[in-house]
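K.L.:
Contents of entry_11.cif (mmCIF, C-alpha atoms) are given next:
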data_my_file
loop_
_atom_site.label_atom_id
_atom_site.label_comp_id
_atom_site.auth_asym_id
_atom_site.auth_seq_id
_atom_site.Cartn_x
_atom_site.Cartn_y
_atom_site.Cartn_z
CA THR J 1167 7.33 -4.04 -1.62
CA GLY J 1168 7.34 -4.21 2.15
CA ALA J 1169 6.44 -0.54 2.47
CA SER J 1170 3.28 -1.05 0.42
CA THR J 1171 1.62 -2.92 3.31
CA ALA J 1172 3.61 -1.57 6.29
CA GLU J 1173 2.05 0.44 9.09
CA LEU J 1174 5.44 1.78 10.20
CA ALA J 1175 8.82 2.36 8.57
CA ILE J 1176 12.19 2.82 10.27
CA ILE J 1177 14.58 4.96 8.24
CA LEU J 1178 18.13 4.35 9.44
CA VAL J 1179 20.75 7.10 9.27
CA ASP J 1180 24.45 6.88 10.12
CA ALA J 1181 25.21 9.65 12.62
CA ARG J 1182 28.60 10.20 10.97
CA ASN J 1183 27.18 10.75 7.47
CA GLY J 1184 23.77 12.30 8.15
CA VAL J 1185 21.07 12.50 5.49
CA VAL J 1186 22.29 11.02 2.19
CA GLU J 1187 20.64 10.28 -1.16
CA GLN J 1188 19.46 6.84 -0.01
CA THR J 1189 17.81 8.47 3.03
CA ARG J 1190 15.88 10.84 0.78
CA ARG J 1191 14.85 8.00 -1.53
CA HIS J 1192 13.58 5.88 1.37
CA ALA J 1193 11.63 8.86 2.70
CA ALA J 1194 10.11 9.44 -0.74
CA VAL J 1195 9.03 5.79 -0.97
CA ALA J 1196 7.48 5.93 2.51
CA ALA J 1197 5.58 9.09 1.56
CA LEU J 1198 4.53 7.74 -1.84
CA LEU J 1199 3.18 4.54 -0.29
CA ARG J 1200 1.57 6.48 2.58
CA VAL J 1201 3.17 4.56 5.42
CA PRO J 1202 1.29 5.97 8.45
CA HIS J 1203 4.21 6.10 10.91
CA VAL J 1204 7.89 6.89 10.29
CA VAL J 1205 10.82 6.56 12.72
CA LEU J 1206 14.11 8.31 11.97
CA ALA J 1207 16.67 6.14 13.78
CA VAL J 1208 20.00 7.99 13.99
CA ASN J 1209 22.44 5.14 14.57
CA LYS J 1210 26.12 4.96 15.66
CA MET J 1211 25.73 7.78 18.16
CA ASP J 1212 28.63 6.22 20.09
CA LEU J 1213 30.96 7.09 17.20
CA VAL J 1214 30.13 10.81 17.41
CA GLY J 1215 30.47 11.04 21.18
CA TYR J 1216 26.69 10.97 21.76
CA GLU J 1217 26.63 14.59 20.64
CA ARG J 1218 23.23 16.22 20.92
CA ALA J 1219 23.98 18.97 18.40
CA GLY J 1220 24.86 16.43 15.71
CA PHE J 1221 21.62 14.52 16.29
CA GLU J 1222 19.52 17.67 16.13
CA ARG J 1223 21.30 18.78 12.96
CA ILE J 1224 20.41 15.49 11.24
CA VAL J 1225 16.79 15.74 12.41
CA ALA J 1226 16.51 19.30 11.05
CA ASP J 1227 18.17 18.30 7.76
CA PHE J 1228 15.77 15.36 7.35
CA ALA J 1229 12.77 17.59 8.07
CA ALA J 1230 13.95 20.12 5.47
CA GLN J 1231 14.49 17.42 2.85
CA THR J 1232 11.08 15.85 3.39
CA ALA J 1233 8.93 18.95 3.96
CA GLU J 1234 7.24 18.64 0.57
CA LEU J 1235 6.79 14.87 0.62
CA GLY J 1236 3.76 14.85 2.90
CA LEU J 1237 5.26 12.42 5.40
CA PRO J 1238 3.33 11.99 8.62
CA GLU J 1239 4.90 13.21 11.85
CA VAL J 1240 8.36 11.69 12.14
CA THR J 1241 9.67 10.33 15.45
CA ALA J 1242 13.44 10.74 15.71
CA ILE J 1243 15.39 8.46 18.08
CA PRO J 1244 19.17 8.52 18.66
CA VAL J 1245 20.52 4.98 19.00
CA SER J 1246 23.66 2.89 19.06
CA ALA J 1247 22.84 -0.59 17.83
CA LEU J 1248 26.31 -1.87 18.74
CA VAL J 1249 26.03 -1.16 22.47
CA GLY J 1250 22.25 -1.08 22.72
CA ASP J 1251 21.71 2.59 23.55
CA ASN J 1252 18.01 3.49 23.16
CA VAL J 1253 17.28 0.20 21.42
CA VAL J 1254 15.49 -1.73 24.17
CA ASP J 1255 16.19 0.49 27.17
CA ARG J 1256 16.77 4.20 27.40
CA SER J 1257 20.41 5.23 27.26
CA THR J 1258 22.25 6.71 30.20
CA ALA J 1259 24.85 8.09 27.78
CA MET J 1260 22.27 10.47 26.23
CA ASP J 1261 20.55 12.02 29.23
CA TRP J 1262 19.67 14.99 27.02
CA TYR J 1263 17.18 12.77 25.13
CA ASP J 1264 13.88 12.34 26.98
CA GLY J 1265 11.93 10.36 24.35
CA PRO J 1266 11.26 6.61 24.20
CA ALA J 1267 13.69 3.86 23.27
CA LEU J 1268 13.08 2.28 19.87
CA LEU J 1269 11.42 -0.91 21.15
CA GLU J 1270 9.38 1.10 23.64
CA PHE J 1271 8.04 3.24 20.82
CA LEU J 1272 7.32 0.24 18.57
CA GLU J 1273 5.32 -1.46 21.32
CA ARG J 1274 3.07 1.53 21.95
CA VAL J 1275 2.59 3.10 18.51
CA PRO J 1276 -1.00 2.58 17.27
CA VAL J 1277 -0.97 0.43 14.14
CA ALA J 1278 -4.53 -0.92 14.16
CA ALA J 1279 -5.79 -0.84 10.60
CA ASP J 1280 -9.01 1.05 9.92
CA ALA J 1281 -9.91 -1.17 6.96
CA ALA J 1282 -13.15 -2.29 8.60
CA ASP J 1283 -14.42 1.33 8.67
CA ALA J 1284 -13.73 1.92 4.95
CA PRO J 1285 -16.20 1.29 2.08
CA ALA J 1286 -16.87 -2.40 1.45
CA ARG J 1287 -14.60 -3.87 -1.22
CA PHE J 1288 -14.61 -7.61 -1.98
CA PRO J 1289 -12.47 -8.70 -4.95
CA VAL J 1290 -13.57 -12.16 -6.09
CA GLN J 1291 -10.69 -14.61 -6.14
CA TYR J 1292 -12.49 -17.90 -6.78
CA VAL J 1293 -15.96 -19.20 -7.62
CA ILE J 1294 -17.05 -22.27 -5.64
CA ARG J 1295 -19.91 -24.28 -7.18
CA HIS J 1296 -21.94 -26.67 -5.05
CA GLY J 1297 -24.85 -27.97 -7.10
CA ASP J 1298 -26.88 -24.95 -8.15
CA VAL J 1299 -25.36 -22.77 -5.43
CA ARG J 1300 -22.39 -20.50 -6.07
CA TYR J 1301 -20.16 -19.00 -3.42
CA TYR J 1302 -17.77 -16.21 -4.37
CA ALA J 1303 -14.59 -16.55 -2.33
CA GLY J 1304 -11.82 -14.08 -1.53
CA GLN J 1305 -10.60 -11.59 1.03
CA LEU J 1306 -12.75 -8.69 2.15
CA VAL J 1307 -10.06 -6.02 1.79
CA SER J 1308 -12.01 -3.18 3.37
CA GLY J 1309 -15.33 -2.43 5.04
CA SER J 1310 -18.02 -4.85 6.18
CA LEU J 1311 -20.64 -7.01 4.50
CA ARG J 1312 -23.83 -8.33 6.09
CA VAL J 1313 -26.53 -10.74 5.05
CA GLY J 1314 -29.26 -8.66 3.42
CA ASP J 1315 -26.92 -5.94 2.11
CA ARG J 1316 -27.60 -4.70 -1.41
CA VAL J 1317 -24.42 -5.06 -3.44
CA THR J 1318 -23.08 -4.18 -6.87
CA VAL J 1319 -20.81 -6.34 -9.00
CA HIS J 1320 -18.13 -4.46 -10.96
CA PRO J 1321 -17.45 -3.98 -13.79
CA SER J 1322 -20.82 -5.36 -15.01
CA GLY J 1323 -22.89 -3.12 -12.71
CA ALA J 1324 -25.25 -5.99 -11.83
CA THR J 1325 -26.93 -5.69 -8.43
CA SER J 1326 -28.17 -8.28 -5.96
CA GLU J 1327 -28.52 -9.00 -2.26
CA ILE J 1328 -26.26 -11.01 0.01
CA ALA J 1329 -28.10 -14.24 0.88
CA GLY J 1330 -25.32 -15.87 2.88
CA ILE J 1331 -21.79 -15.38 4.20
CA ASP J 1332 -19.43 -18.24 5.00
CA VAL J 1333 -16.40 -17.71 7.29
CA LEU J 1334 -14.09 -20.70 7.68
CA GLY J 1335 -16.88 -23.12 6.85
CA THR J 1336 -19.37 -21.55 9.25
CA ALA J 1337 -22.38 -19.43 8.32
CA ALA J 1338 -22.10 -15.86 9.60
CA GLY J 1339 -24.39 -12.86 9.64
CA ALA J 1340 -21.61 -10.42 8.86
CA ALA J 1341 -17.94 -10.21 7.85
CA HIS J 1342 -15.33 -7.53 8.39
CA ALA J 1343 -12.01 -6.73 6.70
CA PRO J 1344 -9.57 -8.41 6.46
CA GLN J 1345 -11.47 -11.71 6.77
CA SER J 1346 -11.38 -14.30 3.99
CA ILE J 1347 -14.96 -15.30 3.21
CA GLY J 1348 -17.41 -16.85 0.81
CA VAL J 1349 -20.44 -14.84 -0.31
CA ARG J 1350 -23.68 -16.20 -1.74
CA LEU J 1351 -25.97 -13.86 -3.70
CA ALA J 1352 -29.75 -14.03 -3.80
CA ASP J 1353 -29.82 -13.87 -7.61
CA GLN J 1354 -27.94 -15.73 -10.31
CA ARG J 1355 -25.34 -13.28 -11.57
CA ASP J 1356 -22.40 -13.69 -13.95
CA VAL J 1357 -19.58 -13.22 -11.44
CA SER J 1358 -16.03 -14.49 -11.98
CA ARG J 1359 -12.48 -14.05 -10.70
CA GLY J 1360 -11.40 -10.43 -11.02
CA ASP J 1361 -14.85 -8.96 -10.41
CA MET J 1362 -15.37 -6.77 -7.34
CA ILE J 1363 -18.42 -6.83 -5.08
CA THR J 1364 -19.14 -3.57 -3.24
CA ALA J 1365 -21.82 -2.27 -0.90
CA GLY J 1366 -22.94 1.18 0.12
CA PRO J 1367 -23.09 4.52 -1.69
CA GLU J 1368 -19.31 5.03 -2.02
CA ALA J 1369 -18.70 3.09 -5.22
CA PRO J 1370 -15.26 2.80 -6.83
CA VAL J 1371 -14.54 4.70 -10.03
CA LEU J 1372 -14.97 2.44 -13.06
CA THR J 1373 -12.55 3.63 -15.71
CA GLN J 1374 -10.21 2.61 -18.51
CA ASP J 1375 -8.01 5.70 -18.07
CA VAL J 1376 -5.63 5.29 -15.14
CA THR J 1377 -3.38 8.03 -13.76
CA ALA J 1378 -0.95 7.09 -11.03
CA ALA J 1379 2.32 7.72 -9.25
CA VAL J 1380 4.66 4.81 -9.91
CA CYS J 1381 7.91 3.22 -8.87
CA HIS J 1382 9.59 1.31 -11.69
CA LEU J 1383 11.09 -1.94 -10.44
CA ALA J 1384 12.53 -3.75 -13.46
CA ASP J 1385 15.82 -3.47 -15.32
CA ARG J 1386 13.84 -3.20 -18.55
CA PRO J 1387 12.85 0.47 -19.09
CA LEU J 1388 9.20 1.46 -19.36
CA ARG J 1389 8.35 3.66 -22.35
CA VAL J 1390 5.32 5.34 -23.89
CA GLY J 1391 3.54 2.87 -26.17
CA ASP J 1392 4.55 -0.21 -24.17
CA ARG J 1393 1.86 -2.85 -23.92
CA VAL J 1394 1.56 -4.29 -20.42
CA LEU J 1395 -0.75 -6.25 -18.14
CA LEU J 1396 -2.35 -4.25 -15.33
CA ARG J 1397 -3.08 -6.32 -12.22
CA HIS J 1398 -5.45 -4.69 -9.74
CA THR J 1399 -6.53 -6.83 -6.76
CA THR J 1400 -7.59 -10.10 -8.45
CA ARG J 1401 -8.25 -8.58 -11.88
CA THR J 1402 -5.71 -8.58 -14.75
CA VAL J 1403 -6.36 -6.61 -17.94
CA LYS J 1404 -4.34 -5.52 -20.95
CA ALA J 1405 -3.18 -1.90 -21.02
CA ILE J 1406 -0.98 0.49 -22.96
CA VAL J 1407 1.28 3.23 -21.59
CA ARG J 1408 -0.04 6.56 -22.87
CA ASP J 1409 2.15 9.08 -21.05
CA LEU J 1410 5.05 9.29 -18.58
CA ALA J 1411 4.56 12.94 -17.59
CA GLY J 1412 7.06 14.05 -20.20
CA ALA J 1413 9.80 11.56 -19.31
CA ALA J 1414 11.38 9.58 -22.14
CA GLU J 1415 11.43 6.40 -20.05
CA LEU J 1416 11.47 5.03 -16.52
CA THR J 1417 14.42 2.88 -15.46
CA ALA J 1418 14.97 0.73 -12.37
CA ASN J 1419 14.08 2.53 -9.11
CA ASP J 1420 12.76 5.64 -10.89
CA LEU J 1421 9.76 7.39 -9.35
CA GLY J 1422 7.38 9.02 -11.80
CA ARG J 1423 3.86 9.55 -13.03
CA ILE J 1424 2.04 7.50 -15.62
CA THR J 1425 -1.16 7.48 -17.67
CA LEU J 1426 -2.51 4.14 -18.89
CA ARG J 1427 -5.39 3.06 -21.10
CA SER J 1428 -6.77 -0.35 -20.18
CA ALA J 1429 -8.63 -2.68 -22.54
CA GLU J 1430 -11.43 -3.17 -19.99
CA PRO J 1431 -12.84 -0.97 -17.20
CA VAL J 1432 -11.19 -1.33 -13.79
CA PRO J 1433 -12.92 -0.40 -10.47
CA LEU J 1434 -10.48 1.93 -8.73
CA ASP J 1435 -10.21 3.88 -5.49
CA ALA J 1436 -7.65 6.59 -4.90
CA TYR J 1437 -4.56 5.27 -3.13
CA ALA J 1438 -5.04 8.02 -0.54
CA VAL J 1439 -8.37 6.37 0.34
CA SER J 1440 -7.39 2.71 0.09
CA ARG J 1441 -3.91 1.22 -0.13
CA ARG J 1442 -5.42 -2.07 -1.36
CA THR J 1443 -7.89 -1.02 -4.06
CA GLY J 1444 -5.85 2.05 -5.01
CA ALA J 1445 -2.74 0.05 -5.90
CA PHE J 1446 -1.75 -2.00 -8.94
CA ILE J 1447 1.27 -3.53 -10.63
CA LEU J 1448 2.27 -3.64 -14.29
CA ILE J 1449 3.44 -6.97 -15.68
CA ASP J 1450 5.45 -7.82 -18.77
CA PRO J 1451 3.05 -9.88 -20.93
CA ALA J 1452 5.98 -11.73 -22.51
CA ASP J 1453 7.50 -13.31 -19.40
CA GLY J 1454 5.25 -12.36 -16.47
CA ALA J 1455 7.91 -10.22 -14.77
CA THR J 1456 6.76 -7.38 -12.51
CA LEU J 1457 7.65 -4.05 -14.08
CA THR J 1458 6.11 -1.24 -12.07
CA ALA J 1459 4.15 -0.57 -8.89
CA GLY J 1460 1.45 2.08 -9.13
CA MET J 1461 -0.59 4.22 -6.73
CA VAL J 1462 -3.83 5.52 -8.25
CA ASP J 1463 -4.52 9.25 -8.31
CA LEU J 1464 -8.16 10.11 -9.02
CA ALA J 1465 -7.81 13.85 -8.36
#
Kindly return the structure encoded in the file as structure tokens.
P.N.:
Amino acid sequence: TGASTAELAIILVDARNGVVEQTRRHAAVAALLRVPHVVLAVNKMDLVGYERAGFERIVADFAAQTAELGLPEVTAIPVSALVGDNVVDRSTAMDWYDGPALLEFLERVPVAADAADAPARFPVQYVIRHGDVRYYAGQLVSGSLRVGDRVTVHPSGATSEIAGIDVLGTAAGAAHAPQSIGVRLADQRDVSRGDMITAGPEAPVLTQDVTAAVCHLADRPLRVGDRVLLRHTTRTVKAIVRDLAGAAELTANDLGRITLRSAEPVPLDAYAVSRRTGAFILIDPADGATLTAGMVDLA
């Protein structure tokens, strides 16, 4: 859950044990959720005599295990959390290491989100009525909106023009992700919670057939034919599991691929393009429990 919105992940490895199954699973999750920066922190270096060869062996093993995952460039740092080596300050016990300490790296790594440069996506969370005027409220999850922009409402396909933008009770000429705003349209349109307002030529894909990589989270297995609720941004629709890429079922912590058929069209972006509008969760309609986290693949 944390990795789905993180800009950086620290994968911790015990220098005595090296890369284990849990290490590989954490790396797979970081790659699946496209975490932009990954740190391999090799801990307990004091218990292996601060040996350089052991550190380099773990780094090489990790690189070999993750070569096909598509992880971004990994920064490896040898540390000893117990005595503070390479945690805040660089260690004098490992003069063979010339990279940054962990905190030094965390303070300088670029984590500024580029959401404002992406296509405009505004999922409607709430409709505010004031007399005959309607404001559509929510968070602008990517891109920018300006007064005068031509916009499209999905899934209806209705078009209009932005007549006003409200930011924290103040009229504004423009808004940028990730601001929470209210938008007023020039025309009366049937817009409700779960609709998505977009601007510009790069429209989302409106589809009822969803293919995605998934991580199953619940103890209850997920099987072909299961009826679920698909929640995407502020929209929730009924769906049925059509295929699990040949698997009989997905159990807790399984990673897999899924094909769904939703009862209504959903405006989707590929997860590789947008981690917000390319993600969804599946919910058990009986008790509201979260079953599965999905990352949309439109390829």
K.L.:
Take the PyMOL selection byres ((chain J and resi 1379) around 9), apply it to the structure above, and return the hits as an NGL selection string.
P.N.:
:J and (1198 or 1377-1378 or 1380-1381 or 1421-1424 or 1459-1463)
K.L.:
Any chance you could export the current selection's C-alpha atoms as a compact mmCIF listing (two decimals), keeping the file's coordinate frame?
P.N.:
# COMPACT_ATOMS: atom_id res chain seq x y z
CA LEU J 1198 4.53 7.74 -1.84
CA THR J 1377 -3.38 8.03 -13.76
CA ALA J 1378 -0.95 7.09 -11.03
CA VAL J 1380 4.66 4.81 -9.91
CA CYS J 1381 7.91 3.22 -8.87
CA LEU J 1421 9.76 7.39 -9.35
CA GLY J 1422 7.38 9.02 -11.80
CA ARG J 1423 3.86 9.55 -13.03
CA ILE J 1424 2.04 7.50 -15.62
CA ALA J 1459 4.15 -0.57 -8.89
CA GLY J 1460 1.45 2.08 -9.13
CA MET J 1461 -0.59 4.22 -6.73
CA VAL J 1462 -3.83 5.52 -8.25
CA ASP J 1463 -4.52 9.25 -8.31
K.L.:
When the PyMOL selection byres ((chain J and resi 1448) around 9) is applied to the file above, which residues end up in the set, as a VMD selection string?
P.N.:
chain J and resid 1394 to 1397 1405 1446 to 1447 1449 to 1450 1455 to 1460
K.L.:
Kindly resolve the PyMOL selection byres ((chain J and resi 1428-1434) around 8) on the present coordinates and return the residues as a list in words.
P.N.:
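Output of the PyMOL selection byres ((chain J and resi 1428-1434) around 8): His1320, Pro1321, Met1362, Pro1370, Val1371, Leu1372, Thr1373, Gln1374, Asp1375, Val1376, Leu1396, His1398, Val1403, Lys1404, Ala1405, Ile1406, Leu1426, Arg1427, Asp1435, Ala1436, Thr1443, Gly1444 and Val1462 of chain J.
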K.L.:
Excluding Arg1316 in chain J and residues on its chain fewer than 4 positions from it, collect all residues at most 10 Å away from it, counting only C-alpha atoms, and give them as a PDB file with C-alpha atoms, keeping the file's coordinate frame.
P.N.:
ATOM      1  CA  LEU J1311     -20.640  -7.010   4.500  1.00  0.00           C
ATOM      2  CA  ARG J1312     -23.830  -8.330   6.090  1.00  0.00           C
ATOM      3  CA  THR J1325     -26.930  -5.690  -8.430  1.00  0.00           C
ATOM      4  CA  SER J1326     -28.170  -8.280  -5.960  1.00  0.00           C
ATOM      5  CA  GLU J1327     -28.520  -9.000  -2.260  1.00  0.00           C
ATOM      6  CA  ILE J1328     -26.260 -11.010   0.010  1.00  0.00           C
ATOM      7  CA  ALA J1329     -28.100 -14.240   0.880  1.00  0.00           C
ATOM      8  CA  LEU J1351     -25.970 -13.860  -3.700  1.00  0.00           C
ATOM      9  CA  ALA J1352     -29.750 -14.030  -3.800  1.00  0.00           C
ATOM     10  CA  THR J1364     -19.140  -3.570  -3.240  1.00  0.00           C
ATOM     11  CA  ALA J1365     -21.820  -2.270  -0.900  1.00  0.00           C
ATOM     12  CA  GLY J1366     -22.940   1.180   0.120  1.00  0.00           C
TER      13      GLY J1366
END
K.L.:
Please determine, counting all atoms listed in the file, which residue among J:His1382, J:Glu1222, J:Arg1300, J:Asp1332 has the shortest atom-to-atom distance to Gln1354 in chain J.
P.N.:
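Going through J:His1382, J:Glu1222, J:Arg1300, J:Asp1332 one by one, the smallest distance to Gln1354 in chain J is for J:Arg1300.
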K.L.:
When you look at His1203 in chain J with a cut-off of 10 Å (counting all atoms listed in the file), what residues show up, excluding the ones that are within fewer than 6 positions of it in the same chain? I need them as number ranges by chain.
P.N.:
J: 1172-1176, 1196-1197, 1237-1241, 1275-1277
K.L.:
Which is closer to Ser1346 in chain J than all the others in J:Gly1236, J:Pro1266, J:Pro1289, J:Gly1297, using only C-alpha atoms?
P.N.:
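Under the stated criterion, the closest residue is J:Pro1289.
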K.L.:
CA of Val1225 in chain J and CA of Ala1242 in chain J are how many Å apart?
P.N.:
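Result for CA of Val1225 in chain J versus CA of Ala1242 in chain J: 6.9 Å, one decimal.
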K.L.:
Between CA of Thr1258 in chain J and CA of Val1185 in chain J, measure the distance and give it in Å to one decimal.
P.N.:
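Distance reported for this atom pair: 25.4 Å.
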K.L.:
Could you name the residues that touch Gly1309 in chain J at 9 Å or less, counting only C-alpha atoms, but leaving out those on the same chain fewer than 3 positions away, as an mmCIF file with C-alpha atoms, keeping the file's coordinate frame?
P.N.:
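Contents of selection-v6.cif, freshly written:
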data_model
loop_
_atom_site.group_PDB
_atom_site.id
_atom_site.type_symbol
_atom_site.label_atom_id
_atom_site.label_comp_id
_atom_site.auth_asym_id
_atom_site.auth_seq_id
_atom_site.Cartn_x
_atom_site.Cartn_y
_atom_site.Cartn_z
ATOM 1 C CA ASP J 1280 -9.010 1.050 9.920
ATOM 2 C CA ALA J 1281 -9.910 -1.170 6.960
ATOM 3 C CA ALA J 1282 -13.150 -2.290 8.600
ATOM 4 C CA ASP J 1283 -14.420 1.330 8.670
ATOM 5 C CA ALA J 1284 -13.730 1.920 4.950
ATOM 6 C CA PRO J 1285 -16.200 1.290 2.080
ATOM 7 C CA ALA J 1286 -16.870 -2.400 1.450
ATOM 8 C CA ARG J 1287 -14.600 -3.870 -1.220
ATOM 9 C CA PHE J 1288 -14.610 -7.610 -1.980
ATOM 10 C CA LEU J 1306 -12.750 -8.690 2.150
ATOM 11 C CA ALA J 1341 -17.940 -10.210 7.850
ATOM 12 C CA HIS J 1342 -15.330 -7.530 8.390
ATOM 13 C CA ALA J 1343 -12.010 -6.730 6.700
ATOM 14 C CA PRO J 1344 -9.570 -8.410 6.460
ATOM 15 C CA ALA J 1365 -21.820 -2.270 -0.900
#
K.L.:
Could you work out how far CA of Asn1209 in chain J lies from CA of Arg1274 in chain J, giving the answer in Å with one decimal?
P.N.:
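Answer for the CA of Arg1274 in chain J to CA of Asn1209 in chain J separation: 21.0 Å.
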K.L.:
So, counting all atoms listed in the file, which residue among J:Val1208, J:Ala1338, J:Val1439, J:Ala1413 is closest to Glu1368 in chain J?
P.N.:
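Using all atoms listed in the file, Glu1368 in chain J sits closest to J:Val1439.
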K.L.:
Fewer than 6 positions away in the same chain doesn't count, so skip those; otherwise give me all residues within 12 Å of Leu1235 in chain J, counting all atoms listed in the file, as number ranges by chain.
P.N.:
J: 1190-1201, 1228-1229
